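> As input, take final01.txt (compact mmCIF, C-alpha atoms and all ligand atoms):
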# COMPACT_ATOMS: atom_id res chain seq x y z
CA MET A 1 -19.40 -53.03 32.94
CA LEU A 2 -19.56 -49.75 31.02
CA VAL A 3 -19.74 -50.44 27.29
CA THR A 4 -19.42 -47.36 25.09
CA GLY A 5 -20.86 -47.45 21.58
CA GLY A 6 -22.95 -50.55 22.36
CA CYS A 7 -25.55 -49.67 19.71
CA GLY A 8 -22.96 -49.85 16.93
CA PHE A 9 -21.92 -52.87 14.91
CA ILE A 10 -19.31 -54.56 17.12
CA GLY A 11 -20.65 -53.08 20.36
CA SER A 12 -24.12 -54.58 19.90
CA ASN A 13 -22.68 -58.01 19.08
CA PHE A 14 -20.46 -57.70 22.16
CA VAL A 15 -23.29 -56.66 24.53
CA ARG A 16 -25.38 -59.62 23.34
CA LEU A 17 -22.46 -62.00 23.94
CA VAL A 18 -21.81 -60.61 27.44
CA MET A 19 -25.47 -60.94 28.41
CA ARG A 20 -25.35 -64.57 27.31
CA LYS A 21 -21.95 -65.57 28.68
CA LEU A 22 -21.56 -63.52 31.87
CA PRO A 23 -24.75 -64.00 33.91
CA ASP A 24 -23.43 -61.96 36.87
CA CYS A 25 -22.53 -58.94 34.79
CA ARG A 26 -24.61 -55.75 34.61
CA VAL A 27 -24.05 -53.79 31.39
CA ILE A 28 -24.39 -50.02 31.06
CA ASN A 29 -24.42 -49.09 27.39
CA LEU A 30 -23.47 -45.43 26.82
CA ASP A 31 -24.17 -44.48 23.22
CA LYS A 32 -24.83 -41.12 21.56
CA LEU A 33 -26.89 -42.75 18.79
CA THR A 34 -25.12 -41.09 15.92
CA TYR A 35 -26.12 -42.19 12.41
CA ALA A 36 -24.19 -45.44 13.16
CA GLY A 37 -25.95 -46.32 16.40
CA ASN A 38 -29.19 -48.28 16.18
CA PRO A 39 -31.12 -49.31 19.31
CA LEU A 40 -32.96 -51.90 17.16
CA SER A 41 -29.70 -53.86 17.16
CA LEU A 42 -30.30 -54.68 20.84
CA ALA A 43 -34.11 -54.89 20.78
CA ASP A 44 -33.94 -58.49 22.00
CA ILE A 45 -32.25 -57.57 25.30
CA GLU A 46 -33.50 -54.05 26.00
CA HIS A 47 -35.87 -55.21 28.77
CA ASP A 48 -33.32 -57.39 30.57
CA SER A 49 -32.88 -56.15 34.16
CA ARG A 50 -29.10 -56.55 33.85
CA TYR A 51 -29.01 -54.05 30.98
CA ARG A 52 -29.26 -50.25 31.05
CA PHE A 53 -29.10 -48.02 28.00
CA VAL A 54 -27.96 -44.41 28.46
CA LYS A 55 -28.19 -42.06 25.50
CA GLY A 56 -25.24 -39.71 25.81
CA ASP A 57 -21.87 -38.54 24.61
CA ILE A 58 -18.56 -39.98 25.85
CA CYS A 59 -17.23 -36.39 25.72
CA ASP A 60 -19.75 -35.36 28.41
CA THR A 61 -17.56 -35.34 31.54
CA ARG A 62 -20.37 -34.92 34.05
CA LEU A 63 -22.43 -37.74 32.59
CA VAL A 64 -19.48 -40.12 32.41
CA GLU A 65 -18.40 -39.33 35.99
CA ARG A 66 -21.97 -39.80 37.22
CA LEU A 67 -22.19 -43.23 35.58
CA PHE A 68 -18.92 -44.32 37.18
CA SER A 69 -20.17 -43.47 40.67
CA GLU A 70 -23.84 -44.43 40.24
CA GLU A 71 -23.11 -47.83 38.74
CA HIS A 72 -19.82 -48.67 40.52
CA ILE A 73 -18.17 -49.36 37.18
CA ASP A 74 -15.17 -51.71 37.44
CA THR A 75 -14.79 -52.58 33.76
CA VAL A 76 -14.86 -50.35 30.69
CA VAL A 77 -15.02 -51.72 27.16
CA HIS A 78 -14.63 -48.74 24.88
CA PHE A 79 -16.02 -49.13 21.35
CA ALA A 80 -17.56 -45.69 20.80
CA ALA A 81 -15.92 -44.00 17.85
CA GLU A 82 -16.43 -42.49 14.47
CA SER A 83 -15.35 -45.53 12.49
CA HIS A 84 -15.62 -44.96 8.73
CA VAL A 85 -12.46 -44.00 6.81
CA ASP A 86 -14.33 -42.34 3.90
CA ARG A 87 -16.29 -40.10 6.28
CA SER A 88 -13.04 -39.14 8.03
CA ILE A 89 -11.61 -37.99 4.69
CA ALA A 90 -14.73 -35.93 3.93
CA ALA A 91 -15.11 -34.42 7.45
CA PRO A 92 -12.47 -35.20 10.10
CA ASP A 93 -13.82 -32.98 12.93
CA GLU A 94 -16.02 -35.53 14.69
CA PHE A 95 -13.20 -38.09 14.53
CA ILE A 96 -10.91 -35.82 16.52
CA GLN A 97 -13.66 -35.01 19.00
CA THR A 98 -15.07 -38.47 19.71
CA ASN A 99 -12.04 -40.67 19.12
CA ILE A 100 -9.47 -38.50 20.90
CA VAL A 101 -11.31 -36.15 23.29
CA GLY A 102 -13.95 -38.81 24.08
CA THR A 103 -11.30 -41.40 24.97
CA PHE A 104 -9.51 -38.84 27.14
CA THR A 105 -12.78 -38.03 28.94
CA LEU A 106 -13.36 -41.70 29.77
CA LEU A 107 -9.78 -42.14 30.95
CA GLU A 108 -10.03 -39.15 33.26
CA ALA A 109 -13.28 -40.45 34.75
CA ALA A 110 -11.71 -43.89 35.31
CA ARG A 111 -8.61 -42.33 36.88
CA LYS A 112 -10.71 -40.29 39.30
CA ALA A 113 -13.01 -43.19 40.18
CA TRP A 114 -10.39 -45.91 40.44
CA LEU A 115 -7.14 -44.29 41.48
CA SER A 116 -7.92 -41.37 43.75
CA GLY A 117 -8.88 -42.37 47.23
CA SER A 118 -9.78 -46.00 46.53
CA PRO A 119 -8.32 -48.49 49.02
CA PRO A 120 -4.99 -50.11 48.00
CA GLY A 121 -5.43 -53.38 46.14
CA THR A 122 -8.90 -52.58 44.76
CA GLN A 123 -7.40 -51.46 41.44
CA ASP A 124 -6.57 -55.09 40.67
CA THR A 125 -10.16 -55.84 39.81
CA LYS A 126 -10.46 -52.94 37.38
CA ARG A 127 -10.09 -53.14 33.57
CA PHE A 128 -10.20 -50.43 30.90
CA LEU A 129 -10.17 -52.12 27.50
CA HIS A 130 -9.77 -49.86 24.48
CA VAL A 131 -10.97 -51.36 21.20
CA SER A 132 -8.67 -50.19 18.44
CA THR A 133 -7.76 -51.05 14.90
CA ASP A 134 -4.95 -52.51 12.80
CA GLU A 135 -5.09 -49.34 10.67
CA VAL A 136 -2.84 -47.58 13.20
CA TYR A 137 0.08 -49.58 11.75
CA GLY A 138 -0.30 -48.13 8.25
CA SER A 139 -0.14 -50.15 5.05
CA LEU A 140 1.75 -53.35 4.16
CA GLY A 141 3.35 -54.36 0.88
CA GLU A 142 2.84 -57.82 -0.55
CA THR A 143 4.53 -59.55 2.38
CA GLY A 144 4.80 -59.15 6.16
CA TYR A 145 2.36 -58.83 9.04
CA PHE A 146 1.45 -56.31 11.73
CA THR A 147 2.72 -57.36 15.16
CA GLU A 148 2.23 -55.55 18.48
CA THR A 149 5.64 -53.89 18.01
CA THR A 150 5.11 -52.65 14.45
CA PRO A 151 5.70 -48.88 14.54
CA TYR A 152 2.57 -46.76 14.26
CA ASP A 153 2.11 -45.14 10.83
CA PRO A 154 -1.55 -44.03 10.53
CA ARG A 155 -2.46 -42.55 7.17
CA SER A 156 -6.10 -41.40 7.30
CA PRO A 157 -7.76 -38.95 9.72
CA TYR A 158 -9.64 -41.98 11.13
CA SER A 159 -6.55 -44.09 11.77
CA ALA A 160 -4.60 -41.08 13.07
CA SER A 161 -7.37 -40.37 15.59
CA LYS A 162 -7.35 -44.01 16.72
CA ALA A 163 -3.54 -44.00 16.96
CA SER A 164 -3.74 -40.87 19.06
CA SER A 165 -6.25 -42.48 21.41
CA ASP A 166 -4.04 -45.60 21.72
CA HIS A 167 -1.10 -43.41 22.77
CA ILE A 168 -3.19 -41.61 25.39
CA ILE A 169 -4.38 -44.97 26.75
CA SER A 170 -0.75 -46.20 27.05
CA ALA A 171 0.26 -42.94 28.71
CA TYR A 172 -2.42 -43.43 31.40
CA HIS A 173 -1.05 -46.88 32.13
CA HIS A 174 2.60 -45.81 32.29
CA THR A 175 2.01 -42.53 34.11
CA TYR A 176 -0.83 -43.28 36.49
CA GLY A 177 -0.90 -47.08 36.59
CA LEU A 178 -4.41 -47.23 35.14
CA PRO A 179 -5.13 -50.91 34.31
CA THR A 180 -5.58 -50.48 30.55
CA LEU A 181 -5.61 -53.00 27.71
CA ILE A 182 -5.55 -52.24 23.98
CA THR A 183 -6.77 -54.54 21.21
CA ASN A 184 -5.89 -53.79 17.58
CA CYS A 185 -8.20 -55.75 15.30
CA SER A 186 -8.54 -56.30 11.58
CA ASN A 187 -11.70 -55.79 9.46
CA ASN A 188 -14.86 -57.20 11.00
CA TYR A 189 -17.96 -58.39 9.17
CA GLY A 190 -21.25 -59.95 10.26
CA PRO A 191 -24.76 -58.99 11.40
CA TYR A 192 -25.70 -55.39 12.34
CA GLN A 193 -22.97 -53.61 10.31
CA PHE A 194 -23.99 -50.24 8.87
CA PRO A 195 -24.24 -50.33 5.04
CA GLU A 196 -21.48 -47.76 4.50
CA LYS A 197 -18.80 -50.45 4.97
CA LEU A 198 -17.80 -52.69 2.06
CA ILE A 199 -19.58 -55.96 2.89
CA PRO A 200 -23.04 -54.71 3.96
CA LEU A 201 -23.02 -52.04 1.23
CA ILE A 202 -22.33 -54.65 -1.44
CA ILE A 203 -24.93 -57.08 -0.02
CA ASN A 204 -27.58 -54.34 0.05
CA ASN A 205 -26.79 -53.01 -3.44
CA ALA A 206 -26.46 -56.46 -5.00
CA ARG A 207 -29.76 -57.58 -3.50
CA ASN A 208 -31.45 -54.53 -5.01
CA GLY A 209 -29.78 -54.76 -8.44
CA MET A 210 -27.72 -51.57 -7.89
CA GLU A 211 -24.15 -50.91 -9.06
CA LEU A 212 -21.37 -52.35 -6.90
CA PRO A 213 -18.62 -49.72 -6.44
CA VAL A 214 -15.11 -51.16 -6.13
CA TYR A 215 -12.37 -48.62 -5.40
CA GLY A 216 -9.29 -48.46 -7.65
CA ASP A 217 -8.20 -51.82 -9.09
CA GLY A 218 -10.03 -53.85 -6.40
CA LYS A 219 -6.79 -55.51 -5.34
CA ASN A 220 -6.46 -53.92 -1.90
CA ILE A 221 -6.31 -56.61 0.75
CA ARG A 222 -8.08 -56.79 4.11
CA ASP A 223 -7.86 -59.53 6.77
CA TRP A 224 -11.51 -60.40 7.53
CA LEU A 225 -12.74 -61.53 10.95
CA TYR A 226 -16.28 -62.63 11.85
CA VAL A 227 -17.55 -60.13 14.43
CA VAL A 228 -18.46 -62.69 17.12
CA ASP A 229 -14.89 -64.01 17.00
CA HIS A 230 -13.68 -60.44 17.70
CA CYS A 231 -16.08 -60.20 20.65
CA GLU A 232 -14.83 -63.54 22.02
CA ALA A 233 -11.25 -62.26 21.71
CA ILE A 234 -12.19 -59.15 23.72
CA LEU A 235 -13.69 -61.35 26.44
CA SER A 236 -10.48 -63.38 26.67
CA VAL A 237 -8.33 -60.24 26.87
CA LEU A 238 -10.64 -58.90 29.61
CA SER A 239 -10.39 -62.08 31.63
CA SER A 240 -6.75 -63.06 31.10
CA GLY A 241 -4.88 -60.20 29.39
CA LYS A 242 -2.13 -58.39 31.28
CA ALA A 243 -2.72 -54.73 32.16
CA GLY A 244 -0.64 -52.37 30.05
CA GLU A 245 -0.43 -54.83 27.14
CA THR A 246 -1.60 -54.65 23.56
CA TYR A 247 -3.10 -57.65 21.72
CA ASN A 248 -3.48 -57.88 17.96
CA ILE A 249 -6.59 -59.70 16.75
CA GLY A 250 -7.00 -60.95 13.18
CA GLY A 251 -8.90 -63.43 11.06
CA ASN A 252 -5.97 -65.03 9.25
CA SER A 253 -8.17 -64.52 6.22
CA GLU A 254 -6.71 -62.15 3.67
CA LYS A 255 -8.85 -61.36 0.64
CA GLN A 256 -8.67 -58.86 -2.19
CA ASN A 257 -11.74 -56.59 -2.25
CA ILE A 258 -12.73 -57.84 -5.67
CA GLU A 259 -12.77 -61.45 -4.42
CA VAL A 260 -15.06 -60.43 -1.54
CA VAL A 261 -17.45 -58.63 -3.90
CA GLN A 262 -17.53 -61.52 -6.40
CA THR A 263 -18.18 -64.02 -3.59
CA ILE A 264 -21.18 -62.00 -2.38
CA CYS A 265 -22.55 -61.81 -5.95
CA ASP A 266 -22.24 -65.55 -6.44
CA ILE A 267 -23.87 -66.47 -3.12
CA LEU A 268 -26.78 -64.10 -3.75
CA ASP A 269 -27.27 -65.51 -7.29
CA GLU A 270 -27.26 -69.03 -5.86
CA GLN A 271 -29.70 -68.21 -3.03
CA THR A 272 -32.11 -65.76 -4.67
CA GLY A 273 -31.62 -66.34 -8.41
CA CYS A 274 -29.94 -64.02 -10.91
CA LEU A 275 -31.08 -60.48 -11.72
CA PRO A 276 -34.54 -60.01 -13.30
CA ASP A 277 -32.91 -59.73 -16.76
CA GLY A 278 -31.21 -63.11 -16.20
CA GLN A 279 -27.71 -61.63 -15.77
CA PRO A 280 -25.45 -62.68 -12.88
CA ARG A 281 -24.79 -60.05 -10.21
CA ARG A 282 -21.10 -59.81 -11.14
CA THR A 283 -22.28 -57.65 -14.07
CA LEU A 284 -23.17 -54.93 -11.52
CA ILE A 285 -19.51 -54.45 -10.51
CA ARG A 286 -18.11 -50.98 -11.35
CA PHE A 287 -14.52 -49.94 -10.74
CA VAL A 288 -14.68 -46.37 -9.40
CA LYS A 289 -12.23 -43.64 -8.40
CA ASP A 290 -9.95 -44.80 -5.60
CA ARG A 291 -10.11 -43.65 -1.96
CA PRO A 292 -7.41 -40.98 -1.38
CA GLY A 293 -4.42 -42.47 0.47
CA HIS A 294 -6.00 -45.94 0.21
CA ASP A 295 -3.99 -48.42 2.33
CA ARG A 296 -2.99 -51.35 0.16
CA ARG A 297 -2.85 -54.31 2.50
CA TYR A 298 -3.58 -55.12 6.14
CA ALA A 299 -2.63 -58.47 7.70
CA ILE A 300 -2.43 -59.33 11.38
CA ASP A 301 0.00 -61.60 13.18
CA ALA A 302 -2.23 -62.86 15.99
CA SER A 303 0.34 -65.20 17.55
CA LYS A 304 0.49 -63.27 20.83
CA ILE A 305 -3.21 -63.62 21.67
CA SER A 306 -3.34 -67.21 20.44
CA GLY A 307 -0.12 -68.22 22.27
CA GLU A 308 -0.76 -66.37 25.54
CA LEU A 309 -4.55 -66.47 25.83
CA GLY A 310 -5.47 -69.42 23.61
CA TRP A 311 -7.86 -67.41 21.40
CA GLN A 312 -8.32 -68.44 17.74
CA PRO A 313 -10.87 -67.34 15.14
CA SER A 314 -13.53 -70.05 14.90
CA VAL A 315 -15.55 -68.98 11.83
CA ARG A 316 -13.89 -69.32 8.43
CA PHE A 317 -14.63 -66.55 5.90
CA GLU A 318 -16.50 -68.93 3.56
CA GLU A 319 -18.90 -69.81 6.41
CA GLY A 320 -19.06 -66.31 7.96
CA ILE A 321 -19.95 -64.57 4.70
CA ARG A 322 -22.82 -67.02 4.12
CA ARG A 323 -24.13 -66.43 7.65
CA THR A 324 -23.85 -62.68 7.12
CA ILE A 325 -25.72 -62.69 3.80
CA LYS A 326 -28.42 -64.91 5.32
CA TRP A 327 -28.80 -62.47 8.23
CA TYR A 328 -29.21 -59.46 5.92
CA LEU A 329 -31.76 -61.33 3.77
CA GLU A 330 -33.74 -62.31 6.88
CA ASN A 331 -33.65 -58.86 8.49
CA PRO A 332 -34.95 -56.40 5.88
CA ALA A 333 -36.58 -54.25 8.62
CA TRP A 334 -33.22 -53.60 10.27
CA ILE A 335 -31.62 -52.47 7.03
CA SER A 336 -34.58 -50.43 5.83
CA SER A 337 -34.61 -48.54 9.16
CA LEU A 338 -31.20 -47.18 8.10
CA ILE A 339 -31.81 -46.46 4.42
CA ASP A 340 -33.41 -43.09 5.09
CA GLY A 341 -32.97 -39.61 3.60
CA SER A 342 -29.60 -39.01 5.28
CA TYR A 343 -28.23 -42.34 4.02
CA ARG A 344 -29.38 -41.53 0.48
CA GLU A 345 -27.74 -38.11 0.77
CA TYR A 346 -24.51 -39.71 2.01
CA TYR A 347 -24.60 -42.27 -0.80
CA GLU A 348 -25.14 -39.63 -3.46
CA LYS A 349 -22.30 -37.50 -2.08
CA MET A 350 -19.84 -40.42 -1.92
CA TYR A 351 -20.78 -42.32 -5.07
CA GLY A 352 -22.86 -39.94 -7.22
CA ASN A 353 -20.01 -38.59 -9.36
CA ARG A 354 -17.37 -41.18 -8.63
P1 LIG B 401 -19.82 -48.25 14.49
O1 LIG B 401 -19.58 -47.01 13.71
O2 LIG B 401 -20.72 -49.30 13.93
O3 LIG B 401 -20.42 -47.87 15.92
C1 LIG B 401 -19.95 -46.80 16.68
C2 LIG B 401 -20.93 -46.57 17.84
O4 LIG B 401 -20.41 -45.52 18.67
C3 LIG B 401 -22.32 -46.13 17.38
O5 LIG B 401 -23.32 -46.82 18.10
C4 LIG B 401 -22.35 -44.63 17.71
O6 LIG B 401 -23.65 -44.14 17.99
C5 LIG B 401 -21.45 -44.59 18.93
N1 LIG B 401 -20.83 -43.27 19.14
C6 LIG B 401 -20.18 -42.51 18.22
N2 LIG B 401 -19.77 -41.35 18.78
C7 LIG B 401 -20.15 -41.40 20.08
C8 LIG B 401 -19.97 -40.51 21.18
N3 LIG B 401 -19.35 -39.32 21.04
N4 LIG B 401 -20.45 -40.88 22.39
C9 LIG B 401 -21.10 -42.08 22.55
N5 LIG B 401 -21.29 -42.94 21.53
C10 LIG B 401 -20.82 -42.60 20.32
O7 LIG B 401 -18.39 -48.82 14.83
P2 LIG B 401 -17.86 -50.34 14.87
O8 LIG B 401 -17.53 -50.77 13.50
O9 LIG B 401 -18.78 -51.13 15.70
O10 LIG B 401 -16.47 -50.12 15.63
C11 LIG B 401 -16.43 -50.10 17.05
C12 LIG B 401 -15.00 -49.85 17.50
O11 LIG B 401 -14.16 -50.88 17.00
C13 LIG B 401 -14.41 -48.54 16.99
O12 LIG B 401 -13.66 -47.97 18.03
C14 LIG B 401 -13.52 -48.96 15.84
O13 LIG B 401 -12.44 -48.08 15.69
C15 LIG B 401 -13.07 -50.33 16.29
N6 LIG B 401 -12.76 -51.29 15.21
C16 LIG B 401 -13.66 -51.52 14.21
C17 LIG B 401 -13.36 -52.48 13.25
C18 LIG B 401 -14.33 -52.79 12.13
O14 LIG B 401 -13.97 -53.52 11.22
N7 LIG B 401 -15.55 -52.29 12.16
C19 LIG B 401 -12.15 -53.18 13.30
C20 LIG B 401 -11.24 -52.89 14.33
C21 LIG B 401 -11.57 -51.95 15.30
O1 LIG B 402 -8.99 -52.67 9.54
C1 LIG B 402 -9.93 -52.32 10.51
C2 LIG B 402 -10.82 -51.23 9.97
O2 LIG B 402 -11.68 -51.84 9.01
C3 LIG B 402 -11.65 -50.54 11.05
O3 LIG B 402 -10.78 -49.87 11.92
C4 LIG B 402 -12.63 -49.54 10.43
O4 LIG B 402 -13.46 -48.99 11.45
C5 LIG B 402 -13.48 -50.26 9.42
O5 LIG B 402 -14.32 -49.33 8.77
C6 LIG B 402 -12.59 -50.98 8.39
O6 LIG B 402 -11.88 -50.01 7.56
P1 LIG B 402 -11.75 -50.20 5.96
O7 LIG B 402 -11.52 -48.88 5.36
O8 LIG B 402 -10.80 -51.30 5.64
O9 LIG B 402 -13.24 -50.75 5.65
P2 LIG B 402 -14.29 -50.44 4.48
O10 LIG B 402 -15.40 -51.42 4.64
O11 LIG B 402 -14.62 -49.00 4.37
O12 LIG B 402 -13.44 -50.83 3.19
C7 LIG B 402 -12.91 -52.13 3.01
C8 LIG B 402 -12.16 -52.12 1.68
O13 LIG B 402 -13.11 -52.00 0.61
C9 LIG B 402 -11.22 -50.95 1.53
O14 LIG B 402 -10.06 -51.39 0.82
C10 LIG B 402 -12.00 -49.94 0.68
C11 LIG B 402 -12.87 -50.84 -0.18
N1 LIG B 402 -14.19 -50.29 -0.55
C12 LIG B 402 -15.00 -49.80 0.44
C13 LIG B 402 -16.24 -49.30 0.14
C14 LIG B 402 -17.14 -48.73 1.23
C15 LIG B 402 -14.62 -50.34 -1.86
O15 LIG B 402 -13.90 -50.82 -2.76
N2 LIG B 402 -15.86 -49.86 -2.16
C16 LIG B 402 -16.69 -49.32 -1.22
O16 LIG B 402 -17.81 -48.86 -1.57
Any chance you could put this one into structure tokens?
Ligand code: NAD
Ligand code: DAU

Amino acid sequence: MLVTGGCGFIGSNFVRLVMRKLPDCRVINLDKLTYAGNPLSLADIEHDSRYRFVKGDICDTRLVERLFSEEHIDTVVHFAAESHVDRSIAAPDEFIQTNIVGTFTLLEAARKAWLSGSPPGTQDTKRFLHVSTDEVYGSLGETGYFTETTPYDPRSPYSASKASSDHIISAYHHTYGLPTLITNCSNNYGPYQFPEKLIPLIINNARNGMELPVYGDGKNIRDWLYVVDHCEAILSVLSSGKAGETYNIGGNSEKQNIEVVQTICDILDEQTGCLPDGQPRRTLIRFVKDRPGHDRRYAIDASKISGELGWQPSVRFEEGIRRTIKWYLENPAWISSLIDGSYREYYEKMYGNR
């Protein structure tokens, strides 16, 4: 199995799950180690003989083709991407390159390896699963849900680059018969998430008594899913999904951002005590200038994957957020390995004058 972006947040949780649940599977993790990739996230399995890490770029055609032939890849799970909306607004270039050109490079390598010259019938065992996002569908009002047939309406450079990659994936299925699958998932949270995203950023700041930046009025809604549930959903799509299909994955757990931030404050107060001056952490909340083009609400209708494949989220938000906070409190070395000069520079640029 070729996993791209396996040193990132969801990728590392997925690789760990595969190593545990699929004892016959060899995993090749191709990751460029951008600011978001952290080999420490897989330190516990790096010496396993079924695991190989390759530092490299998914846009590198020769490298990708070599891995396909050297390792006899029959399954691709494609996570590698630039994934942060705010960074895509500040500097879209890498999003176009990795998310669009990188996906195209992988598809071409799979097409050459799997479809040209391979004996008839052998394609049936191949799978190319593209991990995508609910953001391709745009923004919802107060009611309604994203289904697999909701028209695409991406509104940030990030979501537009993911939408573009989804279309190229579908084109390779319809045109060449490549056995592709697409999953469109809602917001993930859990261990190993880089502290630029809402939940780990708030946990880290709140723990350290720093201000907690909430964009706009704090009433934007996201549908939160515990990361291991997402990884389990990907495994069920890999094993039982139908080639050419799309599956929406969601947590059935809509929350306003302000509720999420207040919940984190309250749990940290309960577990570690209030701030040194005796104040509760909610006093650190600051409403700041909104994200440009900020999507108001995302909510997934996951009835296709639950009805056809029997997948359901198993961790409720109230439980998952406690597990996540506990993990960050117990793993200060992981987080401090990321809070370096470039993170401080990023933080200052994004939040300094907000
Ligand atoms: P992440 O930013 O934590 O990790 C991305 C990984 O990809 C990093 O390890 C990085 O080093 C690697 N990478 C980036 N560019 C690369 C390149 N050119 N070549 C090789 N590796 C490269 O991302 P994440 O949050 O784990 O998201 C993984 C995937 O899931 C993305 O495709 C994202 O769009 C999708 N997704 C994320 C969420 C979410 O809530 N985080 C929800 C739905 C879908
Ligand atoms: O919906 C799936 C998407 O979820 C994934 O495709 C993306 O890769 C992932 O980053 C995530 O996108 P969001 O933009 O929803 O996630 P983020 O954590 O950046 O923001 C969540 C909400 O919190 C959003 O409404 C913006 C708000 N926010 C975010 C940050 C970083 C704040 O209010 N303050 C902040 O400091």
> Kindly work out which residues sit at most 7 Å from ligand LIG 401 (chain B), using all atoms listed in the file, and give the list as a PDB file with C-alpha atoms, in the frame of the given file.

ATOM      1  CA  THR A   4     -19.420 -47.360  25.090  1.00  0.00           C
ATOM      2  CA  GLY A   5     -20.860 -47.450  21.580  1.00  0.00           C
ATOM      3  CA  GLY A   6     -22.950 -50.550  22.360  1.00  0.00           C
ATOM      4  CA  CYS A   7     -25.550 -49.670  19.710  1.00  0.00           C
ATOM      5  CA  GLY A   8     -22.960 -49.850  16.930  1.00  0.00           C
ATOM      6  CA  PHE A   9     -21.920 -52.870  14.910  1.00  0.00           C
ATOM      7  CA  ILE A  10     -19.310 -54.560  17.120  1.00  0.00           C
ATOM      8  CA  GLY A  11     -20.650 -53.080  20.360  1.00  0.00           C
ATOM      9  CA  LEU A  30     -23.470 -45.430  26.820  1.00  0.00           C
ATOM     10  CA  ASP A  31     -24.170 -44.480  23.220  1.00  0.00           C
ATOM     11  CA  LYS A  32     -24.830 -41.120  21.560  1.00  0.00           C
ATOM     12  CA  LEU A  33     -26.890 -42.750  18.790  1.00  0.00           C
ATOM     13  CA  THR A  34     -25.120 -41.090  15.920  1.00  0.00           C
ATOM     14  CA  TYR A  35     -26.120 -42.190  12.410  1.00  0.00           C
ATOM     15  CA  ALA A  36     -24.190 -45.440  13.160  1.00  0.00           C
ATOM     16  CA  GLY A  37     -25.950 -46.320  16.400  1.00  0.00           C
ATOM     17  CA  ASN A  38     -29.190 -48.280  16.180  1.00  0.00           C
ATOM     18  CA  GLY A  56     -25.240 -39.710  25.810  1.00  0.00           C
ATOM     19  CA  ASP A  57     -21.870 -38.540  24.610  1.00  0.00           C
ATOM     20  CA  ILE A  58     -18.560 -39.980  25.850  1.00  0.00           C
ATOM     21  CA  CYS A  59     -17.230 -36.390  25.720  1.00  0.00           C
ATOM     22  CA  HIS A  78     -14.630 -48.740  24.880  1.00  0.00           C
ATOM     23  CA  PHE A  79     -16.020 -49.130  21.350  1.00  0.00           C
ATOM     24  CA  ALA A  80     -17.560 -45.690  20.800  1.00  0.00           C
ATOM     25  CA  ALA A  81     -15.920 -44.000  17.850  1.00  0.00           C
ATOM     26  CA  GLU A  82     -16.430 -42.490  14.470  1.00  0.00           C
ATOM     27  CA  SER A  83     -15.350 -45.530  12.490  1.00  0.00           C
ATOM     28  CA  HIS A  84     -15.620 -44.960   8.730  1.00  0.00           C
ATOM     29  CA  THR A  98     -15.070 -38.470  19.710  1.00  0.00           C
ATOM     30  CA  GLY A 102     -13.950 -38.810  24.080  1.00  0.00           C
ATOM     31  CA  VAL A 131     -10.970 -51.360  21.200  1.00  0.00           C
ATOM     32  CA  SER A 132      -8.670 -50.190  18.440  1.00  0.00           C
ATOM     33  CA  THR A 133      -7.760 -51.050  14.900  1.00  0.00           C
ATOM     34  CA  ASP A 134      -4.950 -52.510  12.800  1.00  0.00           C
ATOM     35  CA  LYS A 162      -7.350 -44.010  16.720  1.00  0.00           C
ATOM     36  CA  ASN A 184      -5.890 -53.790  17.580  1.00  0.00           C
ATOM     37  CA  CYS A 185      -8.200 -55.750  15.300  1.00  0.00           C
ATOM     38  CA  SER A 186      -8.540 -56.300  11.580  1.00  0.00           C
ATOM     39  CA  ASN A 187     -11.700 -55.790   9.460  1.00  0.00           C
ATOM     40  CA  ASN A 188     -14.860 -57.200  11.000  1.00  0.00           C
ATOM     41  CA  TYR A 189     -17.960 -58.390   9.170  1.00  0.00           C
ATOM     42  CA  GLN A 193     -22.970 -53.610  10.310  1.00  0.00           C
ATOM     43  CA  PHE A 194     -23.990 -50.240   8.870  1.00  0.00           C
TER      44      PHE A 194
END
> Name each residue within 9 Å of ligand LIG 402 (chain B), counting all atoms listed in the file, as a PyMOL selection string.
chain A and resi 81-86+132-136+158-159+162+184-189+195-202+212-224+256-258+260-261+287-288+290-291+294-299+350-351
> Would you mind telling me which residue in A:Val3, A:Leu106, A:Ala333, A:Cys265 lies nearest to Val64 of chain A when using only C-alpha atoms?
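Smallest distance to Val64 of chain A is found for A:Leu106.
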> Just how far from atom CA of Met19 of chain A is atom CA of Leu42 of chain A, in Å to one decimal?
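Going from atom CA of Leu42 of chain A over to atom CA of Met19 of chain A covers 10.9 Å.
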> One decimal, in Å: what's the spacing between atom CA of Trp327 of chain A and atom CA of Leu235 of chain A?
23.7 Å
